[in-house]
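Trainee: My structure file protein14.cif, mmCIF, C-alpha atoms, is below:
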```cif
data_query
loop_
_atom_site.label_atom_id
_atom_site.label_comp_id
_atom_site.auth_asym_id
_atom_site.auth_seq_id
_atom_site.Cartn_x
_atom_site.Cartn_y
_atom_site.Cartn_z
CA CYS A 1 0.00 0.00 0.00
CA GLY A 2 2.98 2.31 0.42
CA PHE A 3 2.07 3.91 3.77
CA SER A 4 5.08 4.50 5.99
CA PHE A 5 3.22 4.67 9.31
CA ALA A 6 -0.22 4.10 10.79
CA PHE A 7 -1.22 6.12 13.86
CA LEU A 8 -3.99 4.11 15.51
CA PHE A 9 -5.84 5.77 18.39
CA PHE A 10 -7.67 3.42 20.78
CA ASP A 11 -10.48 5.40 22.38
CA ASP A 12 -10.96 2.42 24.68
CA PRO A 13 -7.41 1.61 25.88
CA SER A 14 -8.46 -1.92 26.90
CA GLU A 15 -8.94 -2.80 23.23
CA LEU A 16 -5.24 -2.45 22.57
CA ALA A 17 -4.51 -5.67 24.45
CA CYS A 18 -7.06 -7.48 22.25
CA ARG A 19 -5.50 -6.28 19.00
CA THR A 20 -2.01 -7.67 19.28
CA ASP A 21 -2.47 -9.36 15.89
CA ILE A 22 -2.82 -5.97 14.21
CA VAL A 23 0.17 -4.55 16.05
CA ARG A 24 2.26 -7.57 15.10
CA HIS A 25 1.21 -7.38 11.42
CA TRP A 26 2.26 -3.76 10.97
CA GLY A 27 5.42 -4.02 13.05
CA ARG A 28 7.27 -0.75 13.53
CA ARG A 29 5.03 1.02 11.02
CA LEU A 30 2.15 0.98 13.50
CA VAL A 31 2.04 3.56 16.27
CA PRO A 32 -0.70 2.40 18.68
CA ILE A 33 -1.93 5.15 21.01
CA PRO A 34 -4.24 4.43 23.96
CA VAL A 35 -6.46 7.40 24.79
CA ASP A 36 -5.57 7.70 28.46
CA ALA A 37 -4.10 10.17 30.94
CA THR A 38 -0.70 10.02 29.22
CA LEU A 39 -2.22 11.42 26.03
CA GLN A 40 -3.42 14.50 27.93
CA VAL A 41 0.11 15.92 27.60
CA GLU A 42 -0.30 15.84 23.83
CA TYR A 43 -3.75 17.41 24.13
CA ASP A 44 -2.22 20.37 25.96
CA ALA A 45 -0.08 21.17 22.91
CA CYS A 46 -3.03 21.18 20.48
CA GLN A 47 -4.17 24.49 19.00
CA ARG A 48 -7.80 23.33 19.04
CA LEU A 49 -7.80 22.36 22.73
CA LEU A 50 -9.46 25.53 24.04
CA ALA A 51 -12.36 25.20 21.61
CA LEU A 52 -12.89 21.51 22.32
CA LYS A 53 -11.89 21.05 25.96
CA GLY A 54 -15.45 21.16 27.29
CA LYS A 55 -16.55 18.39 24.93
CA LEU A 56 -13.73 15.88 25.25
CA CYS A 57 -15.35 13.60 27.84
CA GLU A 58 -18.66 13.02 26.06
CA ASP A 59 -17.90 13.72 22.39
CA TRP A 60 -15.62 11.25 20.58
CA LEU A 61 -15.60 13.52 17.52
CA ALA A 62 -13.97 16.25 19.60
CA ARG A 63 -11.29 13.79 20.73
CA GLN A 64 -10.85 12.63 17.15
CA GLU A 65 -10.17 16.19 16.02
CA LEU A 66 -7.34 16.47 18.54
CA HIS A 67 -6.03 13.04 17.54
CA VAL A 68 -5.76 14.19 13.92
CA GLU A 69 -3.81 17.27 15.02
CA ILE A 70 -1.49 15.12 17.14
CA ALA A 71 -0.96 12.64 14.29
CA MET A 72 -0.15 15.52 11.93
CA ARG A 73 2.51 16.73 14.34
CA TRP A 74 4.00 13.28 14.72
CA ALA A 75 3.89 12.62 10.97
CA ARG A 76 5.82 15.80 10.26
CA GLY A 77 8.39 14.72 12.81
CA LYS A 78 8.83 11.45 10.95
CA GLY A 79 9.28 13.24 7.62
CA CYS A 80 5.86 12.34 6.18
CA GLN A 81 4.48 14.70 3.54
CA TRP A 82 0.86 13.51 3.63
CA LEU A 83 -1.44 12.17 6.32
CA LEU A 84 -4.59 10.21 5.48
CA HIS A 85 -7.38 10.28 8.07
CA ILE A 86 -9.88 7.42 7.97
CA ASP A 87 -12.20 5.87 10.54
CA LEU A 88 -12.25 2.28 11.72
CA ASP A 89 -15.09 1.41 9.32
CA GLU A 90 -13.48 2.96 6.23
CA LEU A 91 -11.06 1.72 3.57
CA PHE A 92 -8.85 3.77 1.26
CA VAL A 93 -8.91 2.12 -2.17
CA LEU A 94 -6.58 3.13 -5.00
CA GLN A 95 -6.71 2.17 -8.65
CA GLU A 96 -5.08 -1.14 -9.46
CA GLY A 97 -1.33 -0.83 -9.77
CA SER A 98 -1.15 2.43 -7.82
CA SER A 99 0.27 3.09 -4.36
CA ALA A 100 0.02 5.78 -1.71
CA PRO A 101 3.33 7.49 -2.68
CA ARG A 102 2.41 7.49 -6.36
CA HIS A 103 -1.10 8.78 -5.65
CA PHE A 104 -0.06 11.65 -3.42
CA ALA A 105 2.84 12.56 -5.71
CA SER A 106 0.23 13.27 -8.38
CA VAL A 107 -1.50 15.90 -6.21
CA ASP A 108 -0.83 19.52 -7.17
CA PRO A 109 2.03 20.71 -4.89
CA ALA A 110 0.09 23.93 -4.28
CA ARG A 111 -2.60 21.98 -2.40
CA ASP A 112 -2.28 21.05 1.24
CA ALA A 113 -5.51 19.06 1.62
CA VAL A 114 -7.52 16.59 -0.44
CA ALA A 115 -11.14 15.50 0.18
CA TYR A 116 -12.36 12.11 -1.04
CA LEU A 117 -15.88 11.02 -1.89
CA ASN A 118 -17.00 7.98 0.04
CA HIS A 119 -19.02 5.03 -1.26
CA GLU A 120 -21.37 3.58 1.34
CA GLY A 121 -21.25 -0.12 2.08
CA VAL A 122 -24.75 -1.64 2.33
CA PRO A 123 -24.85 -4.84 4.42
CA GLU A 124 -27.57 -7.26 3.34
CA LEU A 125 -29.16 -7.69 6.75
CA HIS A 126 -31.75 -10.23 5.57
CA ASP A 127 -28.92 -12.76 5.11
CA GLU A 128 -28.15 -14.47 8.45
CA VAL A 129 -24.67 -15.53 7.33
CA ILE A 130 -23.75 -11.95 6.43
CA VAL A 131 -25.17 -10.59 9.69
CA SER A 132 -23.03 -13.07 11.62
CA GLU A 133 -19.92 -12.18 9.60
CA LEU A 134 -20.42 -8.44 10.20
CA SER A 135 -19.43 -8.82 13.83
CA HIS A 136 -16.14 -10.47 12.82
CA ASN A 137 -15.13 -8.68 9.61
CA ARG A 138 -17.43 -6.00 8.24
CA PHE A 139 -15.30 -5.58 5.13
CA ALA A 140 -15.51 -9.23 4.13
CA ALA A 141 -19.25 -9.27 4.81
CA THR A 142 -20.09 -6.23 2.67
CA THR A 143 -20.15 -6.72 -1.09
CA LEU A 144 -22.82 -4.21 -2.13
CA PHE A 145 -21.92 -0.50 -2.30
CA ARG A 146 -23.95 2.61 -2.97
CA ARG A 147 -21.92 4.98 -5.08
CA ASN A 148 -21.59 8.56 -3.85
CA ALA A 149 -24.26 10.83 -5.27
CA GLN A 150 -21.63 13.15 -6.74
CA CYS A 151 -20.29 10.25 -8.81
CA LEU A 152 -23.53 9.77 -10.73
CA ALA A 153 -23.37 10.39 -14.46
CA GLU A 154 -23.45 14.04 -15.44
CA GLY A 155 -26.98 15.31 -15.84
CA PHE A 156 -28.56 12.76 -13.51
CA GLY A 157 -29.82 13.36 -10.00
CA LEU A 158 -30.80 11.11 -7.14
CA ASP A 159 -34.48 11.20 -8.10
CA GLU A 160 -33.88 10.17 -11.70
CA VAL A 161 -34.47 6.57 -12.60
CA VAL A 162 -32.20 4.17 -14.41
CA LEU A 163 -34.45 1.37 -15.60
CA GLY A 164 -33.43 -2.26 -15.13
CA ASP A 165 -33.14 -2.77 -18.91
CA GLY A 166 -30.55 -0.01 -19.19
CA GLY A 167 -32.93 2.68 -20.38
CA VAL A 168 -33.13 6.05 -18.68
CA ASP A 169 -36.46 7.72 -17.97
CA LEU A 170 -35.77 11.42 -17.49
CA THR A 171 -39.46 12.20 -16.97
CA LEU A 172 -39.45 10.60 -13.52
CA SER A 173 -37.03 13.03 -11.87
CA VAL A 174 -39.50 14.15 -9.21
CA PRO A 175 -39.66 13.72 -5.43
CA GLY A 176 -41.32 10.46 -4.46
CA SER A 177 -38.42 8.56 -5.97
CA PRO A 178 -39.76 5.68 -8.09
CA TRP A 179 -36.29 4.13 -7.94
CA GLN A 180 -36.49 4.10 -4.14
CA ARG A 181 -39.80 2.22 -4.27
CA ARG A 182 -38.16 -0.39 -6.48
CA LEU A 183 -35.21 -0.73 -4.10
CA ASP A 184 -37.62 -1.10 -1.16
CA ALA A 185 -39.50 -3.82 -3.04
CA LEU A 186 -36.26 -5.69 -3.72
CA ALA A 187 -35.17 -5.42 -0.10
CA SER A 188 -38.45 -6.83 1.18
CA SER A 189 -38.65 -9.67 -1.35
CA PRO A 190 -39.13 -12.95 0.60
CA THR A 191 -37.93 -15.21 -2.21
CA ALA A 192 -34.97 -13.61 -3.98
CA SER A 193 -31.47 -14.60 -2.87
CA SER A 194 -29.01 -11.99 -1.64
CA SER A 195 -26.90 -12.25 -4.79
CA SER A 196 -29.87 -11.74 -7.13
CA LEU A 197 -31.03 -8.78 -5.03
CA ALA A 198 -27.59 -7.20 -5.36
CA VAL A 199 -27.65 -7.60 -9.14
CA GLN A 200 -31.14 -6.10 -9.43
CA ALA A 201 -30.41 -3.22 -7.07
CA PHE A 202 -27.18 -2.35 -8.88
CA ALA A 203 -29.16 -2.10 -12.14
CA LEU A 204 -31.06 0.83 -10.63
CA TRP A 205 -27.96 2.98 -10.27
CA PRO A 206 -26.49 5.06 -13.15
CA ARG A 207 -23.34 3.67 -14.74
#
```
Output the file's structure as structure tokens, nothing else.
Mentor:
Amino acid sequence: CGFSFAFLFFDDPSELACRTDIVRHWGRRLVPIPVDATLQVEYDACQRLLALKGKLCEDWLARQELHVEIAMRWARGKGCQWLLHIDLDELFVLQEGSSAPRHFASVDPARDAVAYLNHEGVPELHDEVIVSELSHNRFAATTLFRRNAQCLAEGFGLDEVVLGDGGVDLTLSVPGSPWQRRLDALASSPTASSSSLAVQAFALWPR
């Protein structure tokens, strides 16, 4: 993948002891950080501390913001030029044959930040096997993805329908979403298998 380091913050420090397999896999590239009293020293050096201090105990997003700032500081100290921030339930996927160094080298040097569109994984909760697998490996259990709305073909909106036969009906671009009714019907079908549902649902989305 080409990443030099991974800064992994454990909001529940007790989880670190249960994830020795991850630590062992990454070796020295992984920097595991338990969110405990020791980390408070790093919090004190954060520029955003004053704005977030009152929220740190109850708001994990506030803590996450400080963790990103801390990781940026550490990454600079290690000579890193880019830092990628992703959550536990996210994956960063590059085109086949690419790598992190190659990807970030292609970014305009004048830019200091890049935002990525996310594609939402849609677990098929009617499938008992998939539901069981979700608790062990959510990435292996999820095979159906909803593409980001901004990735839809130019000229199409969320309320426009792509028919199952490949035709496009531009007259149905009104609230009430006929395509959503078709997706709901597929999801509630008592007879169709999960794989056939995925194929039919994918046909509703613009290519």
Trainee: CA of Phe5 (chain A) to CA of Arg28 (chain A): how many Å, to one decimal?
Mentor: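 Those two atoms sit 8.0 Å apart.
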Trainee: Choose the residue, out of A:Cys46, A:Ser4, A:Val41, A:Ile33, that has the smallest atom-to-atom separation from Trp82 (chain A); count all atoms listed in the file.
Mentor: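 Nearest candidate to Trp82 (chain A) out of A:Cys46, A:Ser4, A:Val41, A:Ile33: A:Ser4.
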Trainee: I'd like to see the residues matched by the PyMOL selection byres ((chain A and resi 65) around 12) on this file, and ideally I'd get them as a ChimeraX atom specification.
Mentor: /A:9,43,46-49,51-53,55-56,59-64,66-72,85-87
Trainee: Would you compute the distance between CA of Ala75 (chain A) and CA of Phe7 (chain A)? Give it in Å to one decimal.
Mentor: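 Calculated distance between CA of Ala75 (chain A) and CA of Phe7 (chain A) is 8.8 Å.
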Trainee: Carefully work through the PyMOL selection byres ((chain A and resi 91) around 12) for this structure and note down the residues it includes, as a ChimeraX atom specification.
Mentor: /A:1,84-90,92-94,116-121,138-140
Trainee: Tell me, in Å to one decimal, how far CA of Arg102 (chain A) is from CA of Lys78 (chain A).
Mentor: 18.9 Å
Trainee: Which neighbours of Gly2 (chain A) fall inside 9 Å, counting all atoms listed in the file, when residues of the same chain fewer than 4 positions from it are skipped, and could you give them as number ranges by chain?
Mentor: A: 99-102
Trainee: If we count all atoms listed in the file, what is near Ala141 (chain A) at a cut-off of 8 Å, once residues fewer than 2 positions away on the same chain are taken out, given as an MDAnalysis selection string?
Mentor: chainID A and resid 123 130:131 133:134 137:139 143
